[in-house]
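Remarks on the structure that follows.
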Amino acid sequence: MKPYNQYCALARGLDVIGDRWVLLIVRELLNGPRRYGELAHGLPGIATNLLAARLRVMRTNGLVAKTEDDHYQLTASAEGLREVVSAIAGWAGPLMARMAEDDTFRGHWIAHPVAALFPGQDPTRPDLTIEVRCDEQPMTICSANGEISVHPGQAGAPDLVLTGPPDAAVGLLAHRIDPAEAKSRGLAITGDIGLLRRLRPSVPPARREL
């Protein structure tokens, strides 16, 4: 990418992370070290030669390191981009109302809108376990002691299971749509949906509440 050649922190930062795919590679590595094939799976649409080129440049720029067991991982400097990724995901929340017909999805991506909806600690949040099945990789959302965490894999004994389109699942969690609309979009809901009434997003819903 051609540099901006501006003595400005934003411009200097974009010189390093502004190339197409760079922040999405960061998104994948925020979950931990990944092999090349795992990165490619989490970045549908990227050509293999382009992924290799981006990783080379990111290593040169001090964003990515390669481990002895052939994994890619973020450097300590790049870990500072976690808040940047989170801020962008939070800002883009209103853009997530509907999936486009040609949109792809990976289960672990749901961690980003969930983190944006439920940041920090809130003592009013109930203890609650939600399993979300939007692709072949189920994800577990756990609310415990006022904090929300997201983990890959099935829940041992979920209070609620959401199965179906990710835009319907995210819309329901964000209180942008109600259970009836979520079901009309193809979302199957197992468990007591009333439990979600106490799990209030920190971001005000754009539409009616549950």
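Residues in the structure tokens are numbered from 1 in each chain, the chains being A, B, ... in the order shown, and ligands are numbered from 1 in the order shown.
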
- Message: Which residues are close to Arg35 in chain A, i.e. within 8 Å by only C-alpha atoms, leaving aside same-chain residues fewer than 4 positions away? Reply as a list in words.
- Response: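 Neighbouring residues, sequence-local ones excluded: Leu39, Asp70, His71 and Tyr72 of chain A.
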
- Task: Determine which residues of range 75-182 of chain A DSSP labels as strand (DSSP E or B) from the backbone of this structure, then write them out as number ranges by chain.
- Result: A: 121, 128-133, 139-144, 147-152, 160-163

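With CA of Gln121 in chain A on one side and CA of Ala169 in chain A on the other, the separation reads 22.1 Å.
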
- Message: Could you list, as a list in words, every residue within 12 Å of Ser77 in chain A, counting only C-alpha atoms and ignoring same-chain residues fewer than 5 positions away?
- Response: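 Counting only the stated atoms, we get Val16, Val26, Met58, Arg59, Asn61, Gly62, Leu63, Val64, Ala65 and Arg82 of chain A.
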
Residue selection dump (N, CA and C atoms) as a CSV table (one decimal), in the first residue's frame:
chain,number,residue,atom,x,y,z
A,16,VAL,N,0.3,0.9,8.4
A,16,VAL,CA,0.6,-0.4,8.9
A,16,VAL,C,-0.6,-1.4,8.8
A,26,VAL,N,-5.8,-9.9,11.9
A,26,VAL,CA,-5.7,-9.7,13.3
A,26,VAL,C,-6.9,-10.2,14.1
A,58,MET,N,3.1,-8.2,7.4
A,58,MET,CA,2.7,-8.1,8.8
A,58,MET,C,3.9,-8.5,9.7
A,59,ARG,N,4.6,-9.5,9.3
A,59,ARG,CA,5.8,-9.9,10.1
A,59,ARG,C,6.9,-8.8,10.0
A,61,ASN,N,6.4,-5.7,9.6
A,61,ASN,CA,5.9,-4.5,10.4
A,61,ASN,C,5.8,-4.8,11.9
A,62,GLY,N,6.2,-6.0,12.3
A,62,GLY,CA,6.1,-6.3,13.7
A,62,GLY,C,4.8,-6.6,14.3
A,63,LEU,N,3.8,-7.0,13.4
A,63,LEU,CA,2.5,-7.3,13.9
A,63,LEU,C,2.3,-8.8,14.2
A,64,VAL,N,3.0,-9.7,13.4
A,64,VAL,CA,2.9,-11.1,13.5
A,64,VAL,C,4.2,-11.8,13.6
A,65,ALA,N,4.3,-12.8,14.4
A,65,ALA,CA,5.5,-13.7,14.5
A,65,ALA,C,5.1,-15.1,14.2
A,82,ARG,N,-6.5,-5.0,19.9
A,82,ARG,CA,-7.8,-5.7,20.4
A,82,ARG,C,-8.9,-4.6,20.6

- Message: I'd like to know which of A:Ala182, A:Leu173, A:Leu95, A:Leu30 is closest to Arg198 in chain A, using only C-alpha atoms.
- Response: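 The shortest atom-to-atom distance to Arg198 in chain A comes from A:Leu173.
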
So which residues touch Glu181 in chain A within 12 Å, counting only C-alpha atoms, skipping near sequence neighbours fewer than 2 positions away, as a PDB file with N, CA, C and O atoms, in the first residue's frame?
ATOM      1  N   ASP A 167     -27.621 -13.615  11.714  1.00  0.00           N
ATOM      2  CA  ASP A 167     -28.197 -12.276  11.863  1.00  0.00           C
ATOM      3  C   ASP A 167     -29.411 -12.306  12.780  1.00  0.00           C
ATOM      4  O   ASP A 167     -29.660 -11.360  13.530  1.00  0.00           O
ATOM      5  N   ALA A 168     -30.154 -13.425  12.762  1.00  0.00           N
ATOM      6  CA  ALA A 168     -31.297 -13.554  13.669  1.00  0.00           C
ATOM      7  C   ALA A 168     -30.818 -13.750  15.105  1.00  0.00           C
ATOM      8  O   ALA A 168     -31.389 -13.176  16.043  1.00  0.00           O
ATOM      9  N   ALA A 169     -29.761 -14.533  15.287  1.00  0.00           N
ATOM     10  CA  ALA A 169     -29.225 -14.755  16.632  1.00  0.00           C
ATOM     11  C   ALA A 169     -28.676 -13.456  17.222  1.00  0.00           C
ATOM     12  O   ALA A 169     -28.967 -13.114  18.369  1.00  0.00           O
ATOM     13  N   GLY A 171     -29.427 -10.378  16.279  1.00  0.00           N
ATOM     14  CA  GLY A 171     -30.543  -9.452  16.465  1.00  0.00           C
ATOM     15  C   GLY A 171     -31.307  -9.723  17.742  1.00  0.00           C
ATOM     16  O   GLY A 171     -31.716  -8.797  18.455  1.00  0.00           O
ATOM     17  N   LEU A 172     -31.486 -11.013  18.064  1.00  0.00           N
ATOM     18  CA  LEU A 172     -32.186 -11.382  19.294  1.00  0.00           C
ATOM     19  C   LEU A 172     -31.356 -11.031  20.517  1.00  0.00           C
ATOM     20  O   LEU A 172     -31.874 -10.460  21.493  1.00  0.00           O
ATOM     21  N   HIS A 175     -31.475  -7.449  21.284  1.00  0.00           N
ATOM     22  CA  HIS A 175     -32.824  -6.950  21.546  1.00  0.00           C
ATOM     23  C   HIS A 175     -33.311  -6.042  20.409  1.00  0.00           C
ATOM     24  O   HIS A 175     -34.151  -5.168  20.630  1.00  0.00           O
ATOM     25  N   ARG A 176     -32.768  -6.234  19.210  1.00  0.00           N
ATOM     26  CA  ARG A 176     -33.252  -5.470  18.063  1.00  0.00           C
ATOM     27  C   ARG A 176     -34.486  -6.115  17.449  1.00  0.00           C
ATOM     28  O   ARG A 176     -35.271  -5.441  16.781  1.00  0.00           O
ATOM     29  N   ILE A 177     -34.620  -7.426  17.618  1.00  0.00           N
ATOM     30  CA  ILE A 177     -35.802  -8.135  17.144  1.00  0.00           C
ATOM     31  C   ILE A 177     -36.346  -8.974  18.291  1.00  0.00           C
ATOM     32  O   ILE A 177     -35.621  -9.299  19.240  1.00  0.00           O
ATOM     33  N   ASP A 178     -37.623  -9.314  18.211  1.00  0.00           N
ATOM     34  CA  ASP A 178     -38.220 -10.129  19.264  1.00  0.00           C
ATOM     35  C   ASP A 178     -38.184 -11.609  18.858  1.00  0.00           C
ATOM     36  O   ASP A 178     -37.834 -11.950  17.716  1.00  0.00           O
ATOM     37  N   PRO A 179     -38.516 -12.523  19.788  1.00  0.00           N
ATOM     38  CA  PRO A 179     -38.443 -13.952  19.465  1.00  0.00           C
ATOM     39  C   PRO A 179     -39.303 -14.352  18.270  1.00  0.00           C
ATOM     40  O   PRO A 179     -38.902 -15.222  17.486  1.00  0.00           O
ATOM     41  N   LYS A 183     -37.753 -16.208  15.044  1.00  0.00           N
ATOM     42  CA  LYS A 183     -38.239 -17.496  14.552  1.00  0.00           C
ATOM     43  C   LYS A 183     -38.681 -17.400  13.096  1.00  0.00           C
ATOM     44  O   LYS A 183     -38.474 -18.327  12.310  1.00  0.00           O
ATOM     45  N   SER A 184     -39.279 -16.265  12.723  1.00  0.00           N
ATOM     46  CA  SER A 184     -39.709 -16.107  11.330  1.00  0.00           C
ATOM     47  C   SER A 184     -38.512 -16.059  10.380  1.00  0.00           C
ATOM     48  O   SER A 184     -38.632 -16.376   9.199  1.00  0.00           O
ATOM     49  N   ARG A 185     -37.352 -15.677  10.896  1.00  0.00           N
ATOM     50  CA  ARG A 185     -36.127 -15.667  10.086  1.00  0.00           C
ATOM     51  C   ARG A 185     -35.443 -17.026  10.064  1.00  0.00           C
ATOM     52  O   ARG A 185     -34.402 -17.195   9.436  1.00  0.00           O
ATOM     53  N   GLY A 186     -36.004 -17.989  10.788  1.00  0.00           N
ATOM     54  CA  GLY A 186     -35.451 -19.338  10.757  1.00  0.00           C
ATOM     55  C   GLY A 186     -34.645 -19.734  11.975  1.00  0.00           C
ATOM     56  O   GLY A 186     -33.973 -20.771  11.963  1.00  0.00           O
ATOM     57  N   LEU A 187     -34.692 -18.933  13.047  1.00  0.00           N
ATOM     58  CA  LEU A 187     -33.939 -19.253  14.251  1.00  0.00           C
ATOM     59  C   LEU A 187     -34.755 -20.182  15.148  1.00  0.00           C
ATOM     60  O   LEU A 187     -35.885 -19.864  15.515  1.00  0.00           O
ATOM     61  N   ALA A 188     -34.186 -21.322  15.500  1.00  0.00           N
ATOM     62  CA  ALA A 188     -34.815 -22.237  16.451  1.00  0.00           C
ATOM     63  C   ALA A 188     -34.345 -21.881  17.857  1.00  0.00           C
ATOM     64  O   ALA A 188     -33.138 -21.685  18.079  1.00  0.00           O
ATOM     65  N   ILE A 189     -35.281 -21.777  18.780  1.00  0.00           N
ATOM     66  CA  ILE A 189     -34.968 -21.374  20.151  1.00  0.00           C
ATOM     67  C   ILE A 189     -35.367 -22.493  21.096  1.00  0.00           C
ATOM     68  O   ILE A 189     -36.541 -22.883  21.152  1.00  0.00           O
ATOM     69  N   ARG A 207     -34.264  -1.157  17.802  1.00  0.00           N
ATOM     70  CA  ARG A 207     -35.675  -1.422  17.572  1.00  0.00           C
ATOM     71  C   ARG A 207     -36.324  -1.836  18.882  1.00  0.00           C
ATOM     72  O   ARG A 207     -35.734  -1.698  19.949  1.00  0.00           O
ATOM     73  N   ARG A 208     -37.498  -2.392  18.816  1.00  0.00           N
ATOM     74  CA  ARG A 208     -38.240  -2.732  20.010  1.00  0.00           C
ATOM     75  C   ARG A 208     -37.482  -3.761  20.832  1.00  0.00           C
ATOM     76  O   ARG A 208     -36.688  -4.554  20.335  1.00  0.00           O
ATOM     77  N   GLU A 209     -37.773  -3.783  22.118  1.00  0.00           N
ATOM     78  CA  GLU A 209     -37.124  -4.723  23.025  1.00  0.00           C
ATOM     79  C   GLU A 209     -37.951  -5.999  23.130  1.00  0.00           C
ATOM     80  O   GLU A 209     -39.087  -6.067  22.659  1.00  0.00           O
ATOM     81  N   LEU A 210     -37.360  -7.002  23.810  1.00  0.00           N
ATOM     82  CA  LEU A 210     -38.088  -8.234  24.044  1.00  0.00           C
ATOM     83  C   LEU A 210     -39.297  -7.979  24.940  1.00  0.00           C
ATOM     84  O   LEU A 210     -39.226  -7.174  25.835  1.00  0.00           O
TER      85      LEU A 210
END

- Task: Grab the CA of Thr190 in chain A to CA of Pro138 in chain A distance for me, in Å with one decimal place.
- Result: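 Answer for the CA of Thr190 in chain A to CA of Pro138 in chain A separation: 14.4 Å.
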
- Note on the structure: Shortest contact to Asp122 in chain A, candidates A:Thr75, A:Thr140, A:Thr104, A:Asn145, atoms counted only C-alpha atoms, goes to A:Asn145

- Item | Residues near Val132 in chain A, cut-off 6 Å, only C-alpha atoms, skip fewer than 5 positions along chain, as an MDAnalysis selection string | chainID A and resid 138:139 161:162

- Message: What's around Ala87 in chain A at 10 Å? Count only C-alpha atoms, leave out sequence neighbours fewer than 5 positions away in its own chain, and write the answer as a PyMOL selection string.
- Response: chain A and resi 81-82+92+112+115-116

- Message: Using only C-alpha atoms, which protein or nucleic acid residues come within 10 Å of Ile148 in chain A? Drop anything in the same chain fewer than 5 positions from it, and give the result as a PyMOL selection string.
- Response: chain A and resi 114-115+117-122+125+127-129+141-143+199

Just to be explicit: take each residue in the selection above, keep C-alpha atoms, and write the result as a compact mmCIF listing (two decimals), in the first residue's frame.
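Dumped to out-v5.txt:
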# COMPACT_ATOMS: atom_id res chain seq x y z
CA VAL A 114 -21.31 -10.09 21.63
CA ALA A 115 -18.28 -8.32 23.13
CA LEU A 117 -23.03 -5.55 23.11
CA PHE A 118 -21.92 -6.64 26.59
CA PRO A 119 -18.63 -4.93 27.48
CA GLY A 120 -17.05 -4.88 30.91
CA GLN A 121 -18.82 -5.96 34.07
CA ASP A 122 -22.44 -5.35 35.00
CA ARG A 125 -26.46 -9.47 34.46
CA ASP A 127 -25.78 -16.07 35.36
CA LEU A 128 -26.72 -17.61 32.03
CA THR A 129 -25.26 -19.99 29.44
CA ILE A 141 -21.83 -17.46 25.52
CA CYS A 142 -21.41 -17.46 29.29
CA SER A 143 -22.68 -14.74 31.61
CA LEU A 199 -29.43 -9.81 29.78

- Query: Hey, which of A:Gly45, A:Asn31, A:Ala89, A:Val22 ends up closest to Val57 in chain A? Count only C-alpha atoms.
  - Reply: A:Val22

- Item | Residue among A:Pro33, A:Gly42, A:Gly156, A:Pro201 lying closest to Trp21 in chain A, counting only C-alpha atoms | A:Gly42

DSSP on the backbone, then: every residue of range 38-156 of chain A marked helix (DSSP H, G or I), written as a CSV table (one decimal) with N, CA, C and O atoms, in the first residue's frame.
chain,number,residue,atom,x,y,z
A,38,GLU,N,-5.7,-22.8,9.1
A,38,GLU,CA,-6.8,-22.3,10.0
A,38,GLU,C,-7.1,-20.8,9.7
A,38,GLU,O,-8.2,-20.4,9.7
A,39,LEU,N,-6.0,-20.1,9.4
A,39,LEU,CA,-6.2,-18.7,9.0
A,39,LEU,C,-7.0,-18.6,7.7
A,39,LEU,O,-8.0,-17.8,7.6
A,40,ALA,N,-6.7,-19.4,6.8
A,40,ALA,CA,-7.4,-19.4,5.5
A,40,ALA,C,-8.8,-19.7,5.7
A,40,ALA,O,-9.7,-19.1,5.0
A,41,HIS,N,-9.1,-20.7,6.5
A,41,HIS,CA,-10.5,-21.1,6.8
A,41,HIS,C,-11.3,-20.0,7.4
A,41,HIS,O,-12.5,-19.8,7.1
A,42,GLY,N,-10.7,-19.2,8.3
A,42,GLY,CA,-11.3,-18.1,8.9
A,42,GLY,C,-11.4,-16.8,8.1
A,42,GLY,O,-12.0,-15.8,8.5
A,48,THR,N,-4.9,-17.5,-1.6
A,48,THR,CA,-3.8,-18.1,-0.7
A,48,THR,C,-2.5,-17.2,-0.9
A,48,THR,O,-1.8,-17.0,0.0
A,49,ASN,N,-2.2,-16.8,-2.2
A,49,ASN,CA,-1.0,-16.0,-2.4
A,49,ASN,C,-1.1,-14.6,-1.7
A,49,ASN,O,-0.1,-14.1,-1.2
A,50,LEU,N,-2.3,-14.1,-1.6
A,50,LEU,CA,-2.5,-12.8,-1.0
A,50,LEU,C,-2.4,-12.9,0.5
A,50,LEU,O,-1.8,-12.1,1.2
A,51,LEU,N,-2.9,-14.0,1.1
A,51,LEU,CA,-2.7,-14.3,2.5
A,51,LEU,C,-1.3,-14.4,2.9
A,51,LEU,O,-0.8,-13.8,3.9
A,52,ALA,N,-0.5,-15.1,2.1
A,52,ALA,CA,0.9,-15.3,2.3
A,52,ALA,C,1.6,-13.9,2.2
A,52,ALA,O,2.5,-13.6,3.1
A,53,ALA,N,1.2,-13.1,1.3
A,53,ALA,CA,1.9,-11.8,1.1
A,53,ALA,C,1.5,-10.9,2.3
A,53,ALA,O,2.4,-10.2,2.8
A,54,ARG,N,0.3,-10.9,2.7
A,54,ARG,CA,-0.1,-10.1,3.9
A,54,ARG,C,0.7,-10.5,5.2
A,54,ARG,O,1.1,-9.7,5.9
A,55,LEU,N,0.8,-11.8,5.4
A,55,LEU,CA,1.5,-12.3,6.5
A,55,LEU,C,3.0,-11.9,6.5
A,55,LEU,O,3.6,-11.5,7.5
A,56,ARG,N,3.6,-11.9,5.3
A,56,ARG,CA,5.0,-11.5,5.2
A,56,ARG,C,5.1,-10.0,5.6
A,56,ARG,O,6.0,-9.7,6.4
A,57,VAL,N,4.2,-9.2,5.1
A,57,VAL,CA,4.3,-7.8,5.4
A,57,VAL,C,4.0,-7.5,6.9
A,57,VAL,O,4.7,-6.7,7.5
A,58,MET,N,3.1,-8.2,7.4
A,58,MET,CA,2.7,-8.1,8.8
A,58,MET,C,3.9,-8.5,9.7
A,58,MET,O,4.1,-7.9,10.8
A,59,ARG,N,4.6,-9.5,9.3
A,59,ARG,CA,5.8,-9.9,10.1
A,59,ARG,C,6.9,-8.8,10.0
A,59,ARG,O,7.5,-8.5,11.0
A,60,THR,N,7.1,-8.3,8.8
A,60,THR,CA,8.0,-7.2,8.6
A,60,THR,C,7.7,-6.0,9.5
A,60,THR,O,8.6,-5.3,10.0
A,76,ALA,N,3.3,-8.6,20.9
A,76,ALA,CA,2.7,-7.8,22.0
A,76,ALA,C,2.2,-6.5,21.5
A,76,ALA,O,1.2,-6.0,22.0
A,77,SER,N,2.9,-5.9,20.5
A,77,SER,CA,2.4,-4.7,19.9
A,77,SER,C,1.1,-4.8,19.3
A,77,SER,O,0.2,-4.0,19.5
A,78,ALA,N,0.9,-5.9,18.5
A,78,ALA,CA,-0.4,-6.1,17.8
A,78,ALA,C,-1.5,-6.4,18.7
A,78,ALA,O,-2.7,-6.2,18.4
A,79,GLU,N,-1.2,-7.0,19.9
A,79,GLU,CA,-2.3,-7.2,20.9
A,79,GLU,C,-3.0,-5.9,21.2
A,79,GLU,O,-4.1,-5.9,21.6
A,82,ARG,N,-6.5,-5.0,19.9
A,82,ARG,CA,-7.8,-5.7,20.4
A,82,ARG,C,-8.9,-4.6,20.6
A,82,ARG,O,-10.0,-4.8,20.2
A,83,GLU,N,-8.5,-3.5,21.2
A,83,GLU,CA,-9.5,-2.4,21.5
A,83,GLU,C,-9.9,-1.8,20.2
A,83,GLU,O,-11.1,-1.3,20.1
A,84,VAL,N,-9.0,-1.7,19.2
A,84,VAL,CA,-9.4,-1.1,17.9
A,84,VAL,C,-10.4,-2.0,17.2
A,84,VAL,O,-11.4,-1.5,16.7
A,85,VAL,N,-10.2,-3.3,17.2
A,85,VAL,CA,-11.1,-4.2,16.6
A,85,VAL,C,-12.4,-4.2,17.3
A,85,VAL,O,-13.5,-4.1,16.7
A,86,SER,N,-12.4,-4.1,18.6
A,86,SER,CA,-13.6,-4.1,19.4
A,86,SER,C,-14.4,-2.8,19.1
A,86,SER,O,-15.6,-2.8,19.0
A,87,ALA,N,-13.7,-1.7,19.0
A,87,ALA,CA,-14.4,-0.4,18.8
A,87,ALA,C,-15.0,-0.4,17.4
A,87,ALA,O,-16.1,0.1,17.2
A,88,ILE,N,-14.3,-0.9,16.4
A,88,ILE,CA,-14.9,-1.0,15.0
A,88,ILE,C,-16.2,-1.9,15.0
A,88,ILE,O,-17.2,-1.5,14.5
A,89,ALA,N,-16.1,-3.0,15.7
A,89,ALA,CA,-17.2,-3.9,15.8
A,89,ALA,C,-18.4,-3.3,16.5
A,89,ALA,O,-19.5,-3.4,16.1
A,90,GLY,N,-18.1,-2.5,17.6
A,90,GLY,CA,-19.2,-1.8,18.2
A,90,GLY,C,-19.8,-0.7,17.4
A,90,GLY,O,-21.1,-0.6,17.3
A,91,TRP,N,-19.0,0.0,16.7
A,91,TRP,CA,-19.5,1.1,15.8
A,91,TRP,C,-20.4,0.5,14.6
A,91,TRP,O,-21.4,1.0,14.2
A,93,GLY,N,-22.2,-2.2,14.7
A,93,GLY,CA,-23.4,-2.9,15.1
A,93,GLY,C,-24.6,-2.6,14.3
A,93,GLY,O,-25.3,-3.6,13.9
A,94,PRO,N,-25.0,-1.4,14.1
A,94,PRO,CA,-26.2,-1.1,13.3
A,94,PRO,C,-26.2,-1.6,11.9
A,94,PRO,O,-27.2,-1.7,11.2
A,95,LEU,N,-25.0,-1.9,11.4
A,95,LEU,CA,-24.8,-2.4,10.0
A,95,LEU,C,-25.1,-3.9,9.9
A,95,LEU,O,-25.1,-4.5,8.8
A,96,MET,N,-25.3,-4.6,11.1
A,96,MET,CA,-25.4,-6.0,11.2
A,96,MET,C,-26.9,-6.5,11.2
A,96,MET,O,-27.1,-7.7,11.5
A,107,GLY,N,-18.5,-19.4,12.9
A,107,GLY,CA,-19.1,-19.4,14.2
A,107,GLY,C,-18.4,-18.5,15.2
A,107,GLY,O,-19.0,-17.8,16.0
A,108,HIS,N,-17.0,-18.5,15.1
A,108,HIS,CA,-16.3,-17.7,16.1
A,108,HIS,C,-16.4,-16.2,15.9
A,108,HIS,O,-16.1,-15.5,16.8
A,109,TRP,N,-16.9,-15.8,14.8
A,109,TRP,CA,-17.1,-14.4,14.6
A,109,TRP,C,-18.1,-13.7,15.5
A,109,TRP,O,-18.1,-12.5,15.7
A,110,ILE,N,-19.0,-14.6,16.0
A,110,ILE,CA,-20.1,-14.0,16.9
A,110,ILE,C,-19.5,-13.4,18.1
A,110,ILE,O,-20.2,-12.6,18.8
A,111,ALA,N,-18.3,-13.7,18.5
A,111,ALA,CA,-17.6,-13.2,19.7
A,111,ALA,C,-17.5,-11.7,19.6
A,111,ALA,O,-17.6,-11.0,20.6
A,112,HIS,N,-17.3,-11.1,18.4
A,112,HIS,CA,-17.1,-9.7,18.3
A,112,HIS,C,-18.4,-8.8,18.5
A,112,HIS,O,-18.4,-7.9,19.3
A,113,PRO,N,-19.5,-9.2,17.9
A,113,PRO,CA,-20.7,-8.4,18.3
A,113,PRO,C,-21.2,-8.6,19.7
A,113,PRO,O,-21.7,-7.7,20.3
A,114,VAL,N,-20.9,-9.8,20.2
A,114,VAL,CA,-21.3,-10.1,21.6
A,114,VAL,C,-20.5,-9.2,22.6
A,114,VAL,O,-21.0,-8.6,23.5
A,115,ALA,N,-19.2,-9.2,22.3
A,115,ALA,CA,-18.3,-8.3,23.1
A,115,ALA,C,-18.7,-6.9,23.0
A,115,ALA,O,-18.6,-6.1,24.0
A,116,ALA,N,-19.1,-6.4,21.9
A,116,ALA,CA,-19.5,-5.0,21.7
A,116,ALA,C,-20.8,-4.7,22.4
A,116,ALA,O,-21.0,-3.7,23.0
A,117,LEU,N,-21.7,-5.7,22.5
A,117,LEU,CA,-23.0,-5.6,23.1
A,117,LEU,C,-22.9,-5.6,24.6
A,117,LEU,O,-23.7,-4.9,25.3

- Can you work out which one of A:Thr163, A:Leu195, A:Pro44, A:Asp15 has the shortest atom-to-atom distance to Asp102 in chain A, counting only C-alpha atoms? A:Pro44

- CA of Gly194 in chain A to CA of Phe105 in chain A: how many Å, to one decimal? 27.1 Å
